[in-house]
>>> print(open('query19.txt').read())   # compact mmCIF, C-alpha atoms and all ligand atoms
# COMPACT_ATOMS: atom_id res chain seq x y z
CA MET A 860 23.49 -104.43 -8.82
CA SER A 861 22.19 -100.94 -8.16
CA THR A 862 20.74 -99.91 -4.81
CA ARG A 863 17.40 -99.41 -6.52
CA GLU A 864 17.46 -103.04 -7.60
CA ILE A 865 18.46 -104.12 -4.12
CA ILE A 866 15.49 -102.25 -2.71
CA ILE A 867 13.12 -103.92 -5.18
CA VAL A 868 14.48 -107.35 -4.34
CA SER A 869 14.12 -106.52 -0.69
CA HIS A 870 10.46 -105.57 -1.26
CA ASN A 871 9.72 -108.75 -3.20
CA SER A 872 11.41 -110.88 -0.59
CA HIS A 873 8.70 -109.83 1.84
CA LEU A 874 5.89 -111.03 -0.43
CA SER A 875 6.25 -114.68 0.49
CA SER A 876 6.89 -114.03 4.18
CA ALA A 877 4.44 -113.14 6.92
CA ASP A 878 5.08 -109.49 6.04
CA PRO A 879 6.38 -108.55 9.48
CA SER A 880 7.60 -105.21 8.22
CA GLY A 881 4.44 -104.16 6.36
CA TRP A 882 5.84 -103.91 2.81
CA ASP A 883 3.22 -106.37 1.46
CA GLN A 884 0.34 -104.43 2.84
CA LEU A 885 1.85 -101.16 1.68
CA PHE A 886 2.33 -102.27 -1.94
CA ASN A 887 -1.08 -103.93 -2.08
CA THR A 888 -2.81 -100.84 -0.79
CA TYR A 889 -0.73 -98.24 -2.60
CA GLN A 890 0.41 -99.72 -5.93
CA GLU A 891 1.53 -96.27 -7.12
CA VAL A 892 4.29 -96.25 -4.49
CA GLY A 893 5.82 -99.38 -6.01
CA ILE A 894 5.41 -98.05 -9.56
CA ALA A 895 7.06 -94.74 -8.73
CA GLU A 896 9.91 -96.33 -6.79
CA SER A 897 10.78 -99.01 -9.34
CA SER A 898 10.52 -96.89 -12.47
CA GLY A 899 11.34 -93.32 -11.48
CA ARG A 900 14.75 -91.78 -12.08
CA HIS A 901 15.95 -91.65 -8.52
CA ARG A 902 19.74 -91.89 -9.23
CA LEU A 903 20.29 -93.39 -5.80
CA ASN A 904 23.85 -94.69 -6.11
CA LYS A 905 25.01 -91.72 -8.15
CA ARG A 906 24.09 -89.48 -5.24
CA ARG A 907 26.47 -91.13 -2.75
CA SER A 908 29.67 -89.22 -3.50
CA VAL A 909 28.69 -85.98 -1.76
CA LEU A 910 27.94 -87.91 1.45
CA ARG A 911 31.66 -88.48 2.07
CA LEU A 912 31.71 -84.92 3.46
CA VAL A 913 29.19 -85.68 6.20
CA PRO A 914 30.70 -86.19 9.66
CA LYS A 915 29.85 -89.70 10.95
CA GLY A 916 27.99 -90.45 14.16
CA ARG A 917 26.22 -87.11 14.38
CA THR A 918 22.65 -85.79 14.13
CA GLY A 919 21.28 -85.19 10.65
CA ALA A 920 18.07 -84.64 8.73
CA GLU A 921 16.69 -85.31 5.31
CA ILE A 922 14.25 -82.52 4.54
CA GLY A 923 12.00 -83.61 1.66
CA VAL A 924 11.63 -87.36 1.95
CA PHE A 925 8.92 -88.53 -0.50
CA THR A 926 8.83 -92.34 0.08
CA GLY A 927 12.16 -92.42 1.91
CA LEU A 928 14.08 -94.09 -0.92
CA PHE A 929 17.29 -92.19 -0.23
CA ALA A 930 17.10 -92.34 3.57
CA PRO A 931 18.69 -95.82 3.92
CA ILE A 932 21.67 -94.57 1.91
CA LEU A 933 21.99 -91.55 4.20
CA ALA A 934 21.91 -93.91 7.18
CA GLU A 935 24.37 -96.37 5.64
CA VAL A 936 26.97 -93.81 4.55
CA CYS A 937 26.61 -91.10 7.22
CA LYS A 938 26.04 -93.50 10.14
CA PRO A 939 24.06 -90.88 12.08
CA LYS A 940 23.50 -91.06 15.80
CA LYS A 941 20.05 -89.66 15.05
CA LEU A 942 18.32 -89.12 11.70
CA PHE A 943 15.17 -87.05 11.16
CA LEU A 944 13.05 -87.58 8.02
CA VAL A 945 10.96 -84.46 7.49
CA ASP A 946 8.17 -83.98 4.93
CA PRO A 947 4.69 -82.48 5.16
CA TRP A 948 3.14 -85.19 2.91
CA ASP A 949 -0.65 -84.63 2.93
CA LYS A 950 -0.32 -81.31 4.79
CA LEU A 951 1.14 -79.90 1.57
CA HIS A 952 -0.22 -82.10 -1.23
CA GLY A 953 -3.54 -83.44 0.07
CA SER A 954 -4.28 -87.09 -0.70
CA HIS A 955 -1.87 -87.41 -3.67
CA PHE A 956 1.43 -85.93 -4.84
CA PRO A 957 1.24 -84.11 -8.16
CA ASN A 958 2.20 -86.05 -11.30
CA TRP A 959 5.95 -85.45 -11.38
CA GLY A 960 6.46 -87.07 -14.78
CA ALA A 961 9.29 -89.56 -15.16
CA TYR A 962 10.24 -89.14 -11.50
CA THR A 963 7.03 -90.92 -10.47
CA ASN A 964 6.56 -92.82 -13.74
CA HIS A 965 3.62 -90.50 -14.42
CA VAL A 966 1.53 -91.75 -11.52
CA ARG A 967 0.12 -89.67 -8.68
CA VAL A 968 1.54 -91.23 -5.55
CA PRO A 969 -0.76 -91.26 -2.49
CA THR A 970 0.81 -89.19 0.29
CA ALA A 971 -0.32 -91.72 2.94
CA GLY A 972 1.52 -94.49 1.07
CA ALA A 973 4.68 -92.42 0.74
CA GLN A 974 4.63 -91.55 4.42
CA GLN A 975 4.04 -95.20 5.34
CA ALA A 976 6.98 -96.32 3.16
CA ALA A 977 9.21 -93.76 4.88
CA ALA A 978 8.01 -94.98 8.29
CA ILE A 979 8.77 -98.62 7.42
CA ARG A 980 12.25 -97.65 6.23
CA ALA A 981 12.81 -95.64 9.41
CA LYS A 982 11.99 -98.72 11.50
CA GLU A 983 14.36 -100.90 9.46
CA MET A 984 17.35 -98.62 10.04
CA ASP A 985 20.13 -99.35 12.48
CA CYS A 986 20.19 -95.79 13.77
CA ASP A 987 17.64 -93.85 15.79
CA CYS A 988 15.37 -92.50 13.05
CA GLU A 989 12.37 -90.23 13.57
CA VAL A 990 9.78 -89.44 10.91
CA VAL A 991 8.40 -85.90 11.19
CA LYS A 992 5.33 -84.78 9.26
CA GLU A 993 5.94 -81.04 9.04
CA PHE A 994 6.94 -78.23 6.72
CA SER A 995 10.66 -77.47 6.74
CA THR A 996 10.22 -73.95 8.10
CA GLU A 997 7.95 -74.92 10.98
CA TRP A 998 10.15 -77.83 11.99
CA LEU A 999 13.42 -75.91 11.76
CA LYS A 1000 11.96 -73.04 13.81
CA SER A 1001 11.11 -75.52 16.58
CA LEU A 1002 14.76 -76.62 16.98
CA SER A 1003 17.42 -75.19 19.30
CA PRO A 1004 20.78 -73.84 18.12
CA ASN A 1005 23.28 -76.62 17.27
CA ALA A 1006 20.45 -79.16 16.97
CA LEU A 1007 21.70 -80.52 13.64
CA ASP A 1008 25.18 -81.35 12.34
CA TRP A 1009 24.07 -81.89 8.76
CA VAL A 1010 21.03 -81.52 6.55
CA TYR A 1011 20.30 -83.15 3.19
CA LEU A 1012 17.89 -80.60 1.68
CA ASP A 1013 15.61 -81.93 -1.05
CA ALA A 1014 12.30 -80.17 -0.38
CA SER A 1015 10.85 -77.29 -2.41
CA HIS A 1016 13.07 -76.46 -5.40
CA LYS A 1017 11.80 -72.87 -5.80
CA PHE A 1018 14.42 -70.13 -5.39
CA GLU A 1019 12.70 -68.28 -2.50
CA ASP A 1020 11.87 -71.50 -0.64
CA VAL A 1021 15.42 -72.85 -0.92
CA VAL A 1022 16.93 -69.58 0.32
CA ALA A 1023 14.43 -69.53 3.22
CA ASP A 1024 15.22 -73.16 4.10
CA LEU A 1025 18.97 -72.47 4.02
CA LYS A 1026 18.57 -69.43 6.30
CA HIS A 1027 16.54 -71.42 8.81
CA ILE A 1028 19.03 -74.31 8.72
CA ASP A 1029 21.87 -71.85 9.36
CA THR A 1030 20.28 -70.79 12.66
CA ILE A 1031 20.30 -74.30 14.12
CA LEU A 1032 23.32 -75.89 12.38
CA SER A 1033 26.28 -76.77 14.61
CA ASP A 1034 29.56 -74.87 14.21
CA ASP A 1035 31.16 -77.40 11.89
CA GLY A 1036 27.86 -78.36 10.27
CA ILE A 1037 27.30 -78.97 6.58
CA ILE A 1038 24.31 -78.57 4.26
CA LEU A 1039 23.94 -80.85 1.25
CA GLY A 1040 21.24 -81.55 -1.25
CA ASP A 1041 19.93 -82.64 -4.61
CA ASP A 1042 18.94 -81.19 -7.96
CA CYS A 1043 21.44 -78.40 -8.53
CA TRP A 1044 21.65 -78.63 -12.31
CA ILE A 1045 23.74 -76.80 -14.89
CA SER A 1046 22.75 -77.51 -18.50
CA ASN A 1047 25.21 -78.23 -21.30
CA ASN A 1048 24.90 -74.66 -22.54
CA GLY A 1049 25.66 -73.29 -19.06
CA GLN A 1050 22.14 -72.41 -18.00
CA VAL A 1051 21.62 -72.80 -14.28
CA GLY A 1052 18.49 -73.75 -12.35
CA GLU A 1053 16.76 -72.28 -9.31
CA ILE A 1054 18.74 -74.29 -6.78
CA TYR A 1055 22.05 -73.05 -8.21
CA ASN A 1056 20.76 -69.47 -8.02
CA ALA A 1057 19.54 -70.01 -4.47
CA LEU A 1058 22.86 -71.49 -3.32
CA TYR A 1059 24.77 -68.67 -4.99
CA ALA A 1060 22.59 -65.98 -3.38
CA PHE A 1061 22.70 -67.63 0.05
CA CYS A 1062 26.46 -68.23 0.04
CA GLU A 1063 27.17 -64.68 -1.05
CA HIS A 1064 25.23 -63.13 1.82
CA GLU A 1065 25.71 -65.67 4.59
CA GLU A 1066 29.44 -66.46 4.54
CA TYR A 1067 29.04 -69.97 3.20
CA ALA A 1068 31.00 -71.50 0.32
CA LEU A 1069 30.40 -74.33 -2.12
CA LEU A 1070 32.30 -77.51 -1.25
CA HIS A 1071 30.81 -79.93 -3.77
CA LEU A 1072 28.80 -79.77 -7.00
CA ASP A 1073 28.61 -82.76 -9.32
CA GLU A 1074 27.06 -83.97 -12.54
CA TYR A 1075 24.35 -85.81 -10.61
CA GLY A 1076 22.95 -82.61 -9.14
CA GLN A 1077 24.51 -83.12 -5.71
CA TRP A 1078 25.83 -80.13 -3.80
CA ALA A 1079 27.29 -79.24 -0.43
CA ILE A 1080 27.97 -75.92 1.29
CA LYS A 1081 29.71 -75.06 4.53
CA ARG A 1082 30.51 -71.93 6.53
CA LYS A 1083 33.68 -70.37 5.10
CA ARG A 1084 35.30 -70.17 8.54
CA ASP A 1085 34.95 -73.96 8.90
CA ILE A 1086 36.51 -74.85 5.59
CA VAL A 1087 40.05 -76.07 6.12
CA SER A 1088 42.52 -75.07 3.39
CA ARG A 1089 45.34 -77.41 2.48
CA ARG A 1090 48.65 -75.50 2.27
C1 LIG B 1 12.10 -84.71 -4.72
S1 LIG B 1 11.11 -85.21 -3.38
C2 LIG B 1 12.31 -85.80 -2.20
C3 LIG B 1 13.00 -87.04 -2.61
C4 LIG B 1 13.84 -87.69 -1.57
N1 LIG B 1 14.74 -86.76 -0.91
C5 LIG B 1 14.66 -88.79 -2.24
O1 LIG B 1 15.85 -88.55 -2.48
O2 LIG B 1 14.12 -89.85 -2.53
C6 LIG B 1 10.69 -83.67 -2.67
C7 LIG B 1 9.92 -83.81 -1.37
O3 LIG B 1 9.95 -82.55 -0.72
C8 LIG B 1 8.77 -82.41 -0.01
N2 LIG B 1 8.57 -81.00 0.32
C9 LIG B 1 8.08 -80.01 -0.46
N3 LIG B 1 8.02 -78.87 0.23
C10 LIG B 1 8.50 -79.15 1.47
C11 LIG B 1 8.70 -78.39 2.64
N4 LIG B 1 8.38 -77.09 2.70
N5 LIG B 1 9.24 -78.98 3.72
C12 LIG B 1 9.59 -80.29 3.70
N6 LIG B 1 9.41 -81.07 2.62
C13 LIG B 1 8.87 -80.50 1.52
C14 LIG B 1 7.71 -83.00 -0.94
O4 LIG B 1 6.55 -83.36 -0.23
C15 LIG B 1 8.45 -84.18 -1.54
O5 LIG B 1 8.18 -85.36 -0.84
>>> encode(input="query19.txt", output="C-alpha cells")
Amino acid sequence: MSTREIIIVSHNSHLSSADPSGWDQLFNTYQEVGIAESSGRHRLNKRRSVLRLVPKGRTGAEIGVFTGLFAPILAEVCKPKKLFLVDPWDKLHGSHFPNWGAYTNHVRVPTAGAQQAAAIRAKEMDCDCEVVKEFSTEWLKSLSPNALDWVYLDASHKFEDVVADLKHIDTILSDDGIILGDDCWISNNGQVGEIYNALYAFCEHEEYALLHLDEYGQWAIKRKRDIVSRR
C-alpha cells in the first residue's frame, strides 16, 4: 500500500470517530483539500530515497509545505529533533492556491484549508514540529547561523527564487548541513528545468556539489568541503 493510500485511510478512519484531531471538520469545510490530496500526483513514496542522506536527530525544515502531505515522511525518515514547516499560504496566494493542474486535480485549494491540514499533521507528529506562515526569505533571514542542519526546499520553482533561497539557506546551514528538494527534472531529450539550472548556478559559485539527483525529481547538495570521498 502506498503512503498516499495510508494517508487516505487514516483520514477516513477519523470520520466515524469523535474527530479529536480535526480531520472531519477540515474535509467537510474544505473539500478541495481532500480532492487535491487523494488525486494529485504527489509521488510521496518515490521521494524517500534522497532522505537517506539527512542526518538523524537534528533540526530541519520543509520550505514549501502546501497541505503538509510530505511532512510526515520527513519526520518518519529523518527523525528530526525539531522540524519547521514553512509556507506563506494566504500571504502569497490570497484565499486560494492557483489551479496547478493534475497536481491539485484541477481544483483551487483554499489556503486556509491547506494550512489547517499542515497544522493537524504537525500536531500528529512524534517530533517537535512548528508551522511557520512566512515567505522563505523572511524566515531564513530571521534565523541565526547554524540554525538548521537540513532543508527540504520545495517552494518557488523559478530560477531566481531558487538561487535566492539557496543563498539564504547557506548563511544559516550548519557546517555539515545538507540541502535537498523536489522537482529537478531532466527530460528524455536532455532538456533541463529551472531548478536544475538554479542548482548548477548556485553550486558553481558557492562551493557546493550535487550529491543526489534521481528520476523522481529529488536532489541534494552539500558543501564540497563536507563531502567525504571514499578512497
Ligand atoms: C509544490 S508545493 C509544496 C509541496 C510539498 N513540499 C509536498 O511535498 O507536499 C509548493 C509550495 O511552496 C509554497 N511557496 C511558494 N513560494 C514560497 C516562498 N517564497 N516561501 C515558502 N513557500 C513558498 C507554495 O505556497 C506551495 O505551498
>>> residues_near_ligand(input="query19.txt", ligand="ligand LIG 1 (chain B)", cutoff="6 Å", atoms="all atoms listed in the file", output="short mmCIF file (atom, residue, chain, number, x, y, z; two decimals) with C-alpha atoms, in the frame of the given file")
data_model
loop_
_atom_site.label_atom_id
_atom_site.label_comp_id
_atom_site.auth_asym_id
_atom_site.auth_seq_id
_atom_site.Cartn_x
_atom_site.Cartn_y
_atom_site.Cartn_z
CA ILE A 922 14.25 -82.52 4.54
CA GLY A 923 12.00 -83.61 1.66
CA VAL A 924 11.63 -87.36 1.95
CA PHE A 925 8.92 -88.53 -0.50
CA GLY A 927 12.16 -92.42 1.91
CA LEU A 928 14.08 -94.09 -0.92
CA PHE A 929 17.29 -92.19 -0.23
CA VAL A 945 10.96 -84.46 7.49
CA ASP A 946 8.17 -83.98 4.93
CA PRO A 947 4.69 -82.48 5.16
CA TRP A 948 3.14 -85.19 2.91
CA PHE A 994 6.94 -78.23 6.72
CA SER A 995 10.66 -77.47 6.74
CA ASP A 1013 15.61 -81.93 -1.05
CA ALA A 1014 12.30 -80.17 -0.38
CA SER A 1015 10.85 -77.29 -2.41
#
>>> closest_residue(input="query19.txt", among="A:Pro1004, A:Gly919, A:Gly1076, A:Gly953", to="Cys1043 in chain A", atoms="all atoms listed in the file")
A:Gly1076
>>> residues_around(input="query19.txt", residues="Gln975 in chain A", least_positions_apart="2", cutoff="12 Å", atoms="all atoms listed in the file", output="count of residues only")
33
>>> residues_around(input="query19.txt", residues="Leu1072 in chain A", least_positions_apart="5", cutoff="9 Å", atoms="only C-alpha atoms", output="PyMOL selection string")
chain A and resi 909+1043-1044+1077-1079
>>> residues_near_point(input="query19.txt", point="(23.7, -81.8, 15.9)", cutoff="8 Å", atoms="all atoms listed in the file", output="list in words")
Arg917, Thr918, Gly919, Asn1005, Ala1006, Leu1007, Asp1008, Trp1009, Leu1032, Ser1033 and Gly1036 of chain A
